[in-house]
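work.json (JSON, C-alpha atoms) appears below.
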```json
[["chain", "number", "residue", "atom", "x", "y", "z"],
["A", 1, "MET", "CA", 15.07, 11.29, -1.95],
["A", 2, "PHE", "CA", 13.02, 13.18, -4.53],
["A", 3, "ASP", "CA", 11.98, 10.77, -7.28],
["A", 4, "ASP", "CA", 10.59, 12.18, -10.52],
["A", 5, "ARG", "CA", 9.59, 8.84, -12.04],
["A", 6, "VAL", "CA", 6.15, 8.37, -10.44],
["A", 7, "THR", "CA", 2.97, 10.45, -10.30],
["A", 8, "VAL", "CA", 0.19, 9.48, -7.88],
["A", 9, "ALA", "CA", -3.44, 9.61, -9.04],
["A", 10, "VAL", "CA", -6.24, 9.60, -6.46],
["A", 11, "ILE", "CA", -9.94, 9.34, -7.26],
["A", 12, "THR", "CA", -12.45, 10.43, -4.63],
["A", 13, "HIS", "CA", -16.16, 10.92, -4.06],
["A", 14, "ASN", "CA", -17.61, 12.44, -0.88],
["A", 15, "ARG", "CA", -14.76, 11.37, 1.37],
["A", 16, "ARG", "CA", -13.21, 14.71, 2.24],
["A", 17, "ASP", "CA", -11.68, 13.72, 5.59],
["A", 18, "GLU", "CA", -10.29, 10.42, 4.30],
["A", 19, "LEU", "CA", -8.81, 12.16, 1.26],
["A", 20, "LEU", "CA", -7.12, 14.85, 3.37],
["A", 21, "HIS", "CA", -5.57, 12.13, 5.52],
["A", 22, "THR", "CA", -4.29, 10.37, 2.40],
["A", 23, "LEU", "CA", -2.86, 13.62, 1.03],
["A", 24, "ASP", "CA", -1.13, 14.21, 4.38],
["A", 25, "GLN", "CA", 0.54, 10.82, 4.07],
["A", 26, "LEU", "CA", 1.53, 11.34, 0.44],
["A", 27, "ALA", "CA", 2.99, 14.77, 1.21],
["A", 28, "ALA", "CA", 5.25, 13.18, 3.83],
["A", 29, "LEU", "CA", 6.75, 10.64, 1.39],
["A", 30, "PRO", "CA", 10.48, 11.03, 0.76],
["A", 31, "GLU", "CA", 9.85, 10.59, -2.98],
["A", 32, "LEU", "CA", 7.81, 13.83, -3.03],
["A", 33, "PRO", "CA", 5.63, 12.60, -5.89],
["A", 34, "ARG", "CA", 3.41, 14.85, -7.94],
["A", 35, "VAL", "CA", -0.21, 14.15, -6.92],
["A", 36, "ILE", "CA", -3.32, 14.44, -9.08],
["A", 37, "VAL", "CA", -6.77, 14.25, -7.45],
["A", 38, "VAL", "CA", -9.85, 13.56, -9.54],
["A", 39, "ASP", "CA", -12.93, 14.62, -7.59],
["A", 40, "ASN", "CA", -15.89, 12.62, -8.87],
["A", 41, "ALA", "CA", -18.54, 15.27, -8.23],
["A", 42, "SER", "CA", -18.29, 15.34, -4.44],
["A", 43, "THR", "CA", -20.87, 17.41, -2.57],
["A", 44, "ASP", "CA", -19.10, 17.49, 0.81],
["A", 45, "GLY", "CA", -16.62, 20.26, 0.12],
["A", 46, "THR", "CA", -13.84, 17.95, -1.03],
["A", 47, "ALA", "CA", -12.62, 20.16, -3.88],
["A", 48, "GLU", "CA", -12.58, 23.29, -1.73],
["A", 49, "ALA", "CA", -10.64, 21.46, 1.00],
["A", 50, "VAL", "CA", -8.02, 20.23, -1.48],
["A", 51, "ARG", "CA", -7.57, 23.71, -2.96],
["A", 52, "HIS", "CA", -7.22, 25.24, 0.51],
["A", 53, "ASN", "CA", -4.97, 22.64, 2.13],
["A", 54, "TYR", "CA", -2.99, 21.40, -0.86],
["A", 55, "PRO", "CA", -2.69, 24.11, -3.51],
["A", 56, "ALA", "CA", 0.20, 22.23, -5.16],
["A", 57, "VAL", "CA", -1.99, 19.20, -5.83],
["A", 58, "ARG", "CA", -3.44, 19.11, -9.35],
["A", 59, "LEU", "CA", -7.23, 18.96, -8.89],
["A", 60, "ILE", "CA", -9.44, 17.72, -11.72],
["A", 61, "GLU", "CA", -13.20, 18.22, -11.46],
["A", 62, "PRO", "CA", -15.05, 16.43, -14.29],
["A", 63, "GLY", "CA", -18.42, 17.59, -12.92],
["A", 64, "ARG", "CA", -19.83, 14.07, -12.68],
["A", 65, "ASN", "CA", -18.95, 10.78, -11.04],
["A", 66, "LEU", "CA", -16.75, 8.93, -13.50],
["A", 67, "GLY", "CA", -15.94, 6.07, -11.12],
["A", 68, "ALA", "CA", -12.70, 4.29, -11.94],
["A", 69, "THR", "CA", -12.41, 6.06, -15.27],
["A", 70, "GLY", "CA", -11.55, 9.23, -13.41],
["A", 71, "ARG", "CA", -8.05, 7.72, -13.32],
["A", 72, "ASN", "CA", -7.97, 7.99, -17.11],
["A", 73, "LEU", "CA", -8.29, 11.77, -16.82],
["A", 74, "ALA", "CA", -5.31, 11.86, -14.50],
["A", 75, "ALA", "CA", -3.30, 9.67, -16.87],
["A", 76, "ARG", "CA", -3.74, 12.21, -19.67],
["A", 77, "GLU", "CA", -1.79, 14.80, -17.68],
["A", 78, "VAL", "CA", 1.01, 12.60, -16.42],
["A", 79, "THR", "CA", 4.52, 13.29, -17.72],
["A", 80, "THR", "CA", 6.36, 10.71, -15.61],
["A", 81, "PRO", "CA", 6.90, 7.17, -16.98],
["A", 82, "TYR", "CA", 4.96, 5.55, -14.15],
["A", 83, "LEU", "CA", 1.57, 6.20, -12.56],
["A", 84, "ALA", "CA", 0.71, 5.06, -9.05],
["A", 85, "PHE", "CA", -2.94, 4.62, -8.20],
["A", 86, "CYS", "CA", -4.19, 5.47, -4.76],
["A", 87, "ASP", "CA", -7.71, 5.42, -3.37],
["A", 88, "ASP", "CA", -8.84, 8.16, -1.04],
["A", 89, "ASP", "CA", -8.50, 5.76, 1.90],
["A", 90, "THR", "CA", -5.11, 4.26, 0.97],
["A", 91, "TRP", "CA", -1.58, 5.63, 1.07],
["A", 92, "TRP", "CA", 1.85, 4.41, 0.01],
["A", 93, "GLU", "CA", 4.56, 3.52, 2.50],
["A", 94, "PRO", "CA", 7.76, 5.59, 2.28],
["A", 95, "LYS", "CA", 10.16, 4.30, -0.41],
["A", 96, "SER", "CA", 7.56, 1.95, -1.94],
["A", 97, "LEU", "CA", 6.96, 4.24, -4.91],
["A", 98, "ALA", "CA", 10.70, 4.40, -5.56],
["A", 99, "GLY", "CA", 10.88, 0.62, -5.18],
["A", 100, "ALA", "CA", 8.11, 0.15, -7.73],
["A", 101, "ALA", "CA", 9.88, 2.49, -10.13],
["A", 102, "ASP", "CA", 13.13, 0.55, -9.66],
["A", 103, "LEU", "CA", 11.32, -2.69, -10.45],
["A", 104, "LEU", "CA", 9.72, -1.25, -13.57],
["A", 105, "ASP", "CA", 13.02, 0.28, -14.68],
["A", 106, "ALA", "CA", 14.72, -3.11, -14.41],
["A", 107, "ASN", "CA", 11.93, -5.09, -16.08],
["A", 108, "PRO", "CA", 10.76, -3.37, -19.27],
["A", 109, "MET", "CA", 8.05, -5.96, -20.01],
["A", 110, "VAL", "CA", 6.29, -5.49, -16.67],
["A", 111, "ALA", "CA", 3.29, -3.17, -17.02],
["A", 112, "ALA", "CA", 2.04, -3.17, -13.44],
["A", 113, "VAL", "CA", 3.37, -3.92, -9.97],
["A", 114, "THR", "CA", 0.97, -4.51, -7.08],
["A", 115, "ALA", "CA", 2.02, -3.97, -3.47],
["A", 116, "ARG", "CA", 1.31, -5.77, -0.22],
["A", 117, "ILE", "CA", -1.72, -4.27, 1.53],
["A", 118, "LEU", "CA", -1.86, -3.55, 5.25],
["A", 119, "VAL", "CA", -5.31, -2.82, 6.66],
["A", 120, "HIS", "CA", -5.83, -0.34, 9.49],
["A", 121, "GLU", "CA", -9.02, -0.75, 11.53],
["A", 122, "VAL", "CA", -9.96, 1.05, 14.72],
["A", 123, "GLY", "CA", -8.94, -0.92, 17.79],
["A", 124, "ARG", "CA", -6.73, -3.39, 15.92],
["A", 125, "GLU", "CA", -3.11, -3.64, 14.98],
["A", 126, "PRO", "CA", -2.53, -3.31, 11.21],
["A", 127, "PHE", "CA", -3.04, -6.65, 9.49],
["A", 128, "GLU", "CA", -2.46, -8.04, 6.04],
["A", 129, "ASP", "CA", -5.43, -7.90, 3.70],
["A", 130, "PRO", "CA", -6.65, -11.47, 3.03],
["A", 131, "ILE", "CA", -6.30, -10.91, -0.73],
["A", 132, "VAL", "CA", -2.52, -10.65, -0.31],
["A", 133, "ALA", "CA", -2.16, -14.39, 0.27],
["A", 134, "GLU", "CA", -3.78, -14.98, -3.13],
["A", 135, "LEU", "CA", -1.42, -12.55, -4.81],
["A", 136, "ARG", "CA", 1.61, -14.11, -3.12],
["A", 137, "ASP", "CA", 0.52, -17.63, -4.11],
["A", 138, "SER", "CA", -0.70, -16.78, -7.60],
["A", 139, "PRO", "CA", -0.71, -19.90, -9.83],
["A", 140, "VAL", "CA", -0.36, -17.91, -13.07],
["A", 141, "PRO", "CA", 2.58, -19.37, -15.07],
["A", 142, "ARG", "CA", 5.55, -17.02, -15.10],
["A", 143, "PRO", "CA", 8.93, -16.71, -16.80],
["A", 144, "ASP", "CA", 12.06, -17.17, -14.68],
["A", 145, "TRP", "CA", 13.06, -13.54, -15.04],
["A", 146, "LEU", "CA", 9.86, -12.13, -13.54],
["A", 147, "PRO", "CA", 10.75, -10.55, -10.16],
["A", 148, "GLY", "CA", 7.73, -11.95, -8.32],
["A", 149, "PRO", "CA", 4.48, -13.89, -8.75],
["A", 150, "ALA", "CA", 2.67, -13.25, -12.03],
["A", 151, "LEU", "CA", -0.86, -11.92, -11.64],
["A", 152, "GLY", "CA", -3.95, -12.32, -13.79],
["A", 153, "SER", "CA", -5.29, -8.98, -12.60],
["A", 154, "PHE", "CA", -4.37, -6.25, -10.13],
["A", 155, "LEU", "CA", -5.83, -4.07, -7.41],
["A", 156, "ALA", "CA", -5.91, -0.52, -8.73],
["A", 157, "GLY", "CA", -5.65, 1.15, -5.33],
["A", 158, "ALA", "CA", -2.40, -0.71, -4.64],
["A", 159, "THR", "CA", -0.68, -0.68, -8.02],
["A", 160, "VAL", "CA", 1.88, 1.30, -10.00],
["A", 161, "VAL", "CA", 1.52, 1.04, -13.78],
["A", 162, "ARG", "CA", 3.75, 1.80, -16.72],
["A", 163, "LEU", "CA", 2.04, 4.75, -18.34],
["A", 164, "GLU", "CA", 2.66, 3.92, -22.01],
["A", 165, "PRO", "CA", 0.86, 0.53, -22.12],
["A", 166, "PHE", "CA", -1.87, 1.84, -19.81],
["A", 167, "ARG", "CA", -2.65, 4.60, -22.28],
["A", 168, "ALA", "CA", -2.31, 2.30, -25.29],
["A", 169, "ALA", "CA", -4.85, -0.11, -23.78],
["A", 170, "GLY", "CA", -7.32, 2.73, -23.30],
["A", 171, "GLY", "CA", -7.18, 2.76, -19.51],
["A", 172, "PHE", "CA", -10.20, 1.63, -17.52],
["A", 173, "SER", "CA", -13.40, 0.83, -19.39],
["A", 174, "THR", "CA", -16.08, 3.51, -19.24],
["A", 175, "ARG", "CA", -18.71, 0.78, -19.46],
["A", 176, "LEU", "CA", -17.55, -1.01, -16.29],
["A", 177, "TRP", "CA", -17.37, 2.26, -14.32],
["A", 178, "LEU", "CA", -16.31, 0.85, -10.92],
["A", 179, "GLY", "CA", -16.12, -2.56, -9.29],
["A", 180, "GLY", "CA", -13.68, -5.16, -10.62],
["A", 181, "GLU", "CA", -12.75, -2.73, -13.37],
["A", 182, "GLU", "CA", -9.12, -3.90, -13.30],
["A", 183, "GLU", "CA", -9.71, -7.38, -14.73],
["A", 184, "LEU", "CA", -10.55, -6.33, -18.29],
["A", 185, "LEU", "CA", -7.59, -3.95, -18.51],
["A", 186, "ALA", "CA", -5.25, -6.55, -17.01],
["A", 187, "VAL", "CA", -6.17, -9.18, -19.59],
["A", 188, "ASP", "CA", -5.85, -6.70, -22.43],
["A", 189, "LEU", "CA", -2.37, -5.77, -21.22],
["A", 190, "ALA", "CA", -1.41, -9.44, -20.95],
["A", 191, "ALA", "CA", -2.74, -10.05, -24.47],
["A", 192, "GLU", "CA", -0.22, -7.48, -25.71],
["A", 193, "GLY", "CA", 2.64, -9.34, -24.04],
["A", 194, "TRP", "CA", 2.87, -7.34, -20.82],
["A", 195, "TRP", "CA", 3.29, -8.88, -17.38],
["A", 196, "LEU", "CA", 1.66, -7.99, -14.07],
["A", 197, "VAL", "CA", 3.57, -8.79, -10.91],
["A", 198, "TYR", "CA", 3.15, -8.82, -7.14],
["A", 199, "ALA", "CA", 6.01, -7.30, -5.10],
["A", 200, "GLU", "CA", 6.26, -8.42, -1.49],
["A", 201, "ASP", "CA", 8.66, -5.65, -0.48],
["A", 202, "LEU", "CA", 6.31, -2.83, -1.47],
["A", 203, "THR", "CA", 3.51, -1.75, 0.87],
["A", 204, "ILE", "CA", 0.37, 0.30, 0.70],
["A", 205, "HIS", "CA", -1.83, 1.05, 3.70],
["A", 206, "HIS", "CA", -5.63, 0.90, 3.70],
["A", 207, "ARG", "CA", -7.91, 2.46, 6.29],
["A", 208, "PRO", "CA", -11.33, 1.37, 4.95],
["A", 209, "SER", "CA", -13.74, 4.26, 4.77],
["A", 210, "PRO", "CA", -17.17, 3.76, 6.35],
["A", 211, "ALA", "CA", -18.55, 5.95, 3.54],
["A", 212, "ARG", "CA", -19.17, 3.22, 1.01],
["A", 213, "ASP", "CA", -22.21, 1.73, -0.70],
["A", 214, "ALA", "CA", -21.49, -1.98, -0.37],
["A", 215, "THR", "CA", -24.75, -2.93, -2.06],
["A", 216, "LEU", "CA", -24.02, -0.88, -5.17],
["A", 217, "ARG", "CA", -20.45, -2.19, -5.24],
["A", 218, "ARG", "CA", -21.72, -5.76, -5.10],
["A", 219, "ARG", "CA", -24.19, -5.14, -7.91],
["A", 220, "HIS", "CA", -21.51, -3.67, -10.13],
["A", 221, "GLY", "CA", -19.06, -6.38, -9.15],
["A", 222, "ILE", "CA", -21.39, -9.15, -10.29],
["A", 223, "ARG", "CA", -22.35, -7.29, -13.47],
["A", 224, "ASN", "CA", -18.77, -6.48, -14.38],
["A", 225, "THR", "CA", -17.60, -10.03, -13.74],
["A", 226, "LEU", "CA", -20.24, -11.30, -16.14],
["A", 227, "TRP", "CA", -19.35, -8.70, -18.76],
["A", 228, "PHE", "CA", -15.63, -9.42, -18.50],
["A", 229, "THR", "CA", -16.25, -13.17, -18.70],
["A", 230, "TRP", "CA", -18.25, -12.90, -21.90],
["A", 231, "LEU", "CA", -15.89, -10.32, -23.40],
["A", 232, "ARG", "CA", -12.66, -12.27, -22.95],
["A", 233, "ARG", "CA", -13.28, -15.94, -22.06],
["A", 234, "PRO", "CA", -14.13, -18.87, -24.37],
["A", 235, "VAL", "CA", -17.84, -19.66, -24.57],
["A", 236, "GLY", "CA", -17.60, -22.82, -22.46],
["A", 237, "ARG", "CA", -15.73, -21.07, -19.67],
["A", 238, "ALA", "CA", -18.08, -18.11, -19.84],
["A", 239, "VAL", "CA", -21.09, -20.39, -19.44],
["A", 240, "ARG", "CA", -19.51, -22.18, -16.47],
["A", 241, "ARG", "CA", -18.61, -18.92, -14.76],
["A", 242, "SER", "CA", -22.08, -17.49, -15.32],
["A", 243, "VAL", "CA", -23.74, -20.59, -13.89],
["A", 244, "PHE", "CA", -21.38, -20.55, -10.92],
["A", 245, "LEU", "CA", -22.27, -16.96, -10.14],
["A", 246, "ALA", "CA", -25.98, -17.57, -10.59],
["A", 247, "THR", "CA", -25.89, -20.42, -8.10],
["A", 248, "THR", "CA", -23.62, -18.86, -5.48],
["A", 249, "VAL", "CA", -24.48, -15.16, -5.18],
["A", 250, "PRO", "CA", -27.15, -14.15, -2.64],
["A", 251, "ARG", "CA", -30.66, -14.60, -3.99],
["A", 252, "ASP", "CA", -31.85, -11.06, -3.51],
["A", 253, "ARG", "CA", -32.82, -7.92, -5.40],
["A", 254, "THR", "CA", -29.21, -6.72, -5.74],
["A", 255, "SER", "CA", -28.12, -9.89, -7.50],
["A", 256, "LEU", "CA", -31.22, -9.83, -9.70],
["A", 257, "LEU", "CA", -30.45, -6.26, -10.76],
["A", 258, "ALA", "CA", -26.84, -7.19, -11.47],
["A", 259, "PHE", "CA", -27.84, -10.03, -13.79],
["A", 260, "ALA", "CA", -30.47, -7.83, -15.44],
["A", 261, "GLU", "CA", -27.90, -5.11, -16.13],
["A", 262, "ALA", "CA", -25.45, -7.69, -17.46],
["A", 263, "ALA", "CA", -28.12, -9.10, -19.78],
["A", 264, "ALA", "CA", -29.05, -5.62, -20.99],
["A", 265, "GLY", "CA", -25.44, -5.11, -22.04],
["A", 266, "LEU", "CA", -25.29, -8.33, -24.05],
["A", 267, "PRO", "CA", -25.58, -6.61, -27.47],
["A", 268, "TRP", "CA", -22.47, -4.47, -26.98],
["A", 269, "VAL", "CA", -20.64, -7.30, -25.23],
["A", 270, "LEU", "CA", -21.14, -9.58, -28.23],
["A", 271, "ARG", "CA", -20.07, -6.81, -30.61],
["A", 272, "GLU", "CA", -16.88, -6.15, -28.65],
["A", 273, "ARG", "CA", -16.15, -9.74, -27.65],
["A", 274, "ARG", "CA", -12.49, -10.65, -28.17],
["A", 275, "PRO", "CA", -11.38, -13.85, -26.39],
["A", 276, "ALA", "CA", -7.92, -13.66, -24.83],
["A", 277, "PRO", "CA", -5.00, -15.45, -26.50],
["A", 278, "ASP", "CA", -4.36, -19.04, -25.40],
["A", 279, "ARG", "CA", -1.36, -18.16, -23.22],
["A", 280, "VAL", "CA", -3.44, -15.59, -21.32],
["A", 281, "GLU", "CA", -6.41, -17.95, -21.09],
["A", 282, "ARG", "CA", -4.15, -20.55, -19.47],
["A", 283, "GLY", "CA", -3.40, -18.10, -16.69],
["A", 284, "LEU", "CA", -7.09, -17.33, -16.24],
["A", 285, "ARG", "CA", -7.86, -21.04, -15.97],
["A", 286, "ALA", "CA", -5.17, -21.45, -13.34],
["A", 287, "LEU", "CA", -6.92, -18.79, -11.27],
["A", 288, "GLU", "CA", -10.39, -20.34, -11.40],
["A", 289, "ALA", "CA", -10.02, -22.72, -8.45],
["A", 290, "PRO", "CA", -8.40, -20.18, -6.09],
["A", 291, "GLN", "CA", -11.09, -17.65, -6.98],
["A", 292, "ARG", "CA", -13.88, -20.13, -6.24],
["A", 293, "GLU", "CA", -12.37, -20.95, -2.86],
["A", 294, "SER", "CA", -11.38, -17.40, -1.97],
["A", 295, "GLY", "CA", -12.56, -15.94, 1.30],
["A", 296, "ALA", "CA", -11.57, -12.49, 0.09],
["A", 297, "ARG", "CA", -13.83, -12.54, -2.96],
["A", 298, "SER", "CA", -17.48, -12.71, -1.95],
["A", 299, "TYR", "CA", -20.41, -10.90, -3.53],
["A", 300, "VAL", "CA", -22.08, -9.92, -0.28],
["A", 301, "GLY", "CA", -23.04, -6.52, 1.07]]
```
Show me the file's structure as structure tokens.
Amino acid sequence: MFDDRVTVAVITHNRRDELLHTLDQLAALPELPRVIVVDNASTDGTAEAVRHNYPAVRLIEPGRNLGATGRNLAAREVTTPYLAFCDDDTWWEPKSLAGAADLLDANPMVAAVTARILVHEVGREPFEDPIVAELRDSPVPRPDWLPGPALGSFLAGATVVRLEPFRAAGGFSTRLWLGGEEELLAVDLAAEGWWLVYAEDLTIHHRPSPARDATLRRRHGIRNTLWFTWLRRPVGRAVRRSVFLATTVPRDRTSLLAFAEAAAGLPWVLRERRPAPDRVERGLRALEAPQRESGARSYVG
């Protein structure tokens, strides 16, 4: 079932064992996709392990931790029309990459398709990630021809993108680095007329790595949400969102640092501010209530 339409890009940082497990799973896929690994300056022998165990995998070593923008390096080398993202602790289910390619082939105005996520935790049966219910029930207005719920953003580690618009949009922002980095790119794609869709019949598996800095991720998540809000939302909505965050995030040093970093970036944010078109803004407004009530979106850690 070799499928030459999709390349898989994996970013990693100091998760050698998790990455090798993911590469094992990808190597067993019937689609036999080309795999590109971007090692974000790991110090645990990740690069050496990839070279030894998977010499056919294209390994990119930028020499520093580029966060989410490491995916941009992979995208430069891709020759297939579609690029599947994969974190070092996620892996695609057999035939899901081919299914995503089929969907993109049949719908030329869809730029990204996000899969259902099954979580694997020790001692538990695999269960659906809570965020999936929000994707499935997305209130974003959609045309009749769209083959699933329209999304206002996507989850990079569970998404296949059309390479051409991804490159044209500039990929992931170097300023945001990591943590909610998808939202800005998603809105910029939508502003150009592209659609993002959730596909129930595609699946990606997630075995959460214990090697994660939840505090740093929360800090960046708050900061990046504020930056995105002021970059692409109308002033009134940006003020409301900022006040909501200020009154709901934990009152601790991490939140204070996040707001301080966001404020420090205000000069460039105002220079680069470009509110989304009205039709895109309507979708963002439709998402506000579900996001406020979401149990899967909390700035804790």
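When CA of Tyr198 (chain A) is paired with CA of Thr114 (chain A), their separation reads 4.8 Å.
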From the options A:Glu272, A:Glu164, A:Asp88, A:Asp252, which residue's atoms come nearest to Ala111 (chain A), counting all atoms listed in the file?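 When distances to Ala111 (chain A) are compared using all atoms listed in the file, the smallest one comes from A:Glu164.
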Separation of CA of Gly221 (chain A) and CA of Leu178 (chain A), in Å?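 Interatomic distance here is 7.9 Å.
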At most 10 Å from (-6.3, 20.2, -13.5), file frame, only C-alpha atoms: which residues, as a compact mmCIF listing (two decimals) with C-alpha atoms, keeping the file's coordinate frame?
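Done, and the output landed in out.txt:
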```txt
# COMPACT_ATOMS: atom_id res chain seq x y z
CA ILE A 36 -3.32 14.44 -9.08
CA VAL A 37 -6.77 14.25 -7.45
CA VAL A 38 -9.85 13.56 -9.54
CA VAL A 57 -1.99 19.20 -5.83
CA ARG A 58 -3.44 19.11 -9.35
CA LEU A 59 -7.23 18.96 -8.89
CA ILE A 60 -9.44 17.72 -11.72
CA GLU A 61 -13.20 18.22 -11.46
CA PRO A 62 -15.05 16.43 -14.29
CA LEU A 73 -8.29 11.77 -16.82
CA ALA A 74 -5.31 11.86 -14.50
CA GLU A 77 -1.79 14.80 -17.68
```
Show me, as a list in words, the residues that have an atom within 10 Å of Thr174 (chain A) when counting all atoms listed in the file, minus same-chain residues fewer than 3 positions from it. Leu66, Gly67, Ala68, Thr69, Gly70, Asn72, Gly170, Gly171, Trp177, Leu178 and Glu181 of chain A
One decimal, Å: what's the distance from CA of Glu183 (chain A) over to CA of Pro250 (chain A), could you say? 22.3 Å
Return the single residue from A:His13, A:Val197, A:Pro290, A:Pro275 that is closest to Pro143 (chain A), with distances computed using only C-alpha atoms. A:Val197
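Shortest separation to Asp17 (chain A) among A:Ala98, A:Val78, A:Ala47, A:Val110 occurs at residue A:Ala47, atoms counted being only C-alpha atoms.
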Around all the atoms of region 244-254 of chain A listed in the file, with 6 Å of room on each side, what axis-aligned box do you get, giving centre and edge lengths in Å to one decimal, as AutoDock Vina command-line options?
```
--center_x -27.1 --center_y -13.6 --center_z -6.8 --size_x 23.4 --size_y 25.8 --size_z 20.3
```
List the residues sitting within 8 Å of (7.3, 3.0, -11.0) in the file's frame, using all atoms listed in the file, as a PDB file with C-alpha atoms, in the coordinates of the input.
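What follows is the written file part_23.pdb:
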```
ATOM      1  CA  ARG A   5       9.590   8.840 -12.040  1.00  0.00           C
ATOM      2  CA  VAL A   6       6.150   8.370 -10.440  1.00  0.00           C
ATOM      3  CA  PRO A  81       6.900   7.170 -16.980  1.00  0.00           C
ATOM      4  CA  TYR A  82       4.960   5.550 -14.150  1.00  0.00           C
ATOM      5  CA  LEU A  83       1.570   6.200 -12.560  1.00  0.00           C
ATOM      6  CA  ALA A  84       0.710   5.060  -9.050  1.00  0.00           C
ATOM      7  CA  LEU A  97       6.960   4.240  -4.910  1.00  0.00           C
ATOM      8  CA  ALA A  98      10.700   4.400  -5.560  1.00  0.00           C
ATOM      9  CA  GLY A  99      10.880   0.620  -5.180  1.00  0.00           C
ATOM     10  CA  ALA A 100       8.110   0.150  -7.730  1.00  0.00           C
ATOM     11  CA  ALA A 101       9.880   2.490 -10.130  1.00  0.00           C
ATOM     12  CA  ASP A 102      13.130   0.550  -9.660  1.00  0.00           C
ATOM     13  CA  LEU A 103      11.320  -2.690 -10.450  1.00  0.00           C
ATOM     14  CA  LEU A 104       9.720  -1.250 -13.570  1.00  0.00           C
ATOM     15  CA  ASP A 105      13.020   0.280 -14.680  1.00  0.00           C
ATOM     16  CA  VAL A 160       1.880   1.300 -10.000  1.00  0.00           C
ATOM     17  CA  VAL A 161       1.520   1.040 -13.780  1.00  0.00           C
ATOM     18  CA  ARG A 162       3.750   1.800 -16.720  1.00  0.00           C
TER      19      ARG A 162
END
```
Report as a short mmCIF file (atom, residue, chain, number, x, y, z; two decimals) with C-alpha atoms, keeping the file's coordinate frame all protein, DNA and RNA residues lying within 12 Å of Ser209 (chain A), evaluated on all atoms listed in the file, omitting residues in the same chain fewer than 3 positions from it.
```
data_model
loop_
_atom_site.label_atom_id
_atom_site.label_comp_id
_atom_site.auth_asym_id
_atom_site.auth_seq_id
_atom_site.Cartn_x
_atom_site.Cartn_y
_atom_site.Cartn_z
CA THR A 12 -12.45 10.43 -4.63
CA HIS A 13 -16.16 10.92 -4.06
CA ASN A 14 -17.61 12.44 -0.88
CA ARG A 15 -14.76 11.37 1.37
CA ARG A 16 -13.21 14.71 2.24
CA ASP A 17 -11.68 13.72 5.59
CA GLU A 18 -10.29 10.42 4.30
CA LEU A 19 -8.81 12.16 1.26
CA HIS A 21 -5.57 12.13 5.52
CA THR A 22 -4.29 10.37 2.40
CA ASP A 87 -7.71 5.42 -3.37
CA ASP A 88 -8.84 8.16 -1.04
CA ASP A 89 -8.50 5.76 1.90
CA THR A 90 -5.11 4.26 0.97
CA VAL A 119 -5.31 -2.82 6.66
CA HIS A 120 -5.83 -0.34 9.49
CA GLU A 121 -9.02 -0.75 11.53
CA VAL A 122 -9.96 1.05 14.72
CA HIS A 206 -5.63 0.90 3.70
CA ARG A 212 -19.17 3.22 1.01
CA ASP A 213 -22.21 1.73 -0.70
CA ALA A 214 -21.49 -1.98 -0.37
#
```
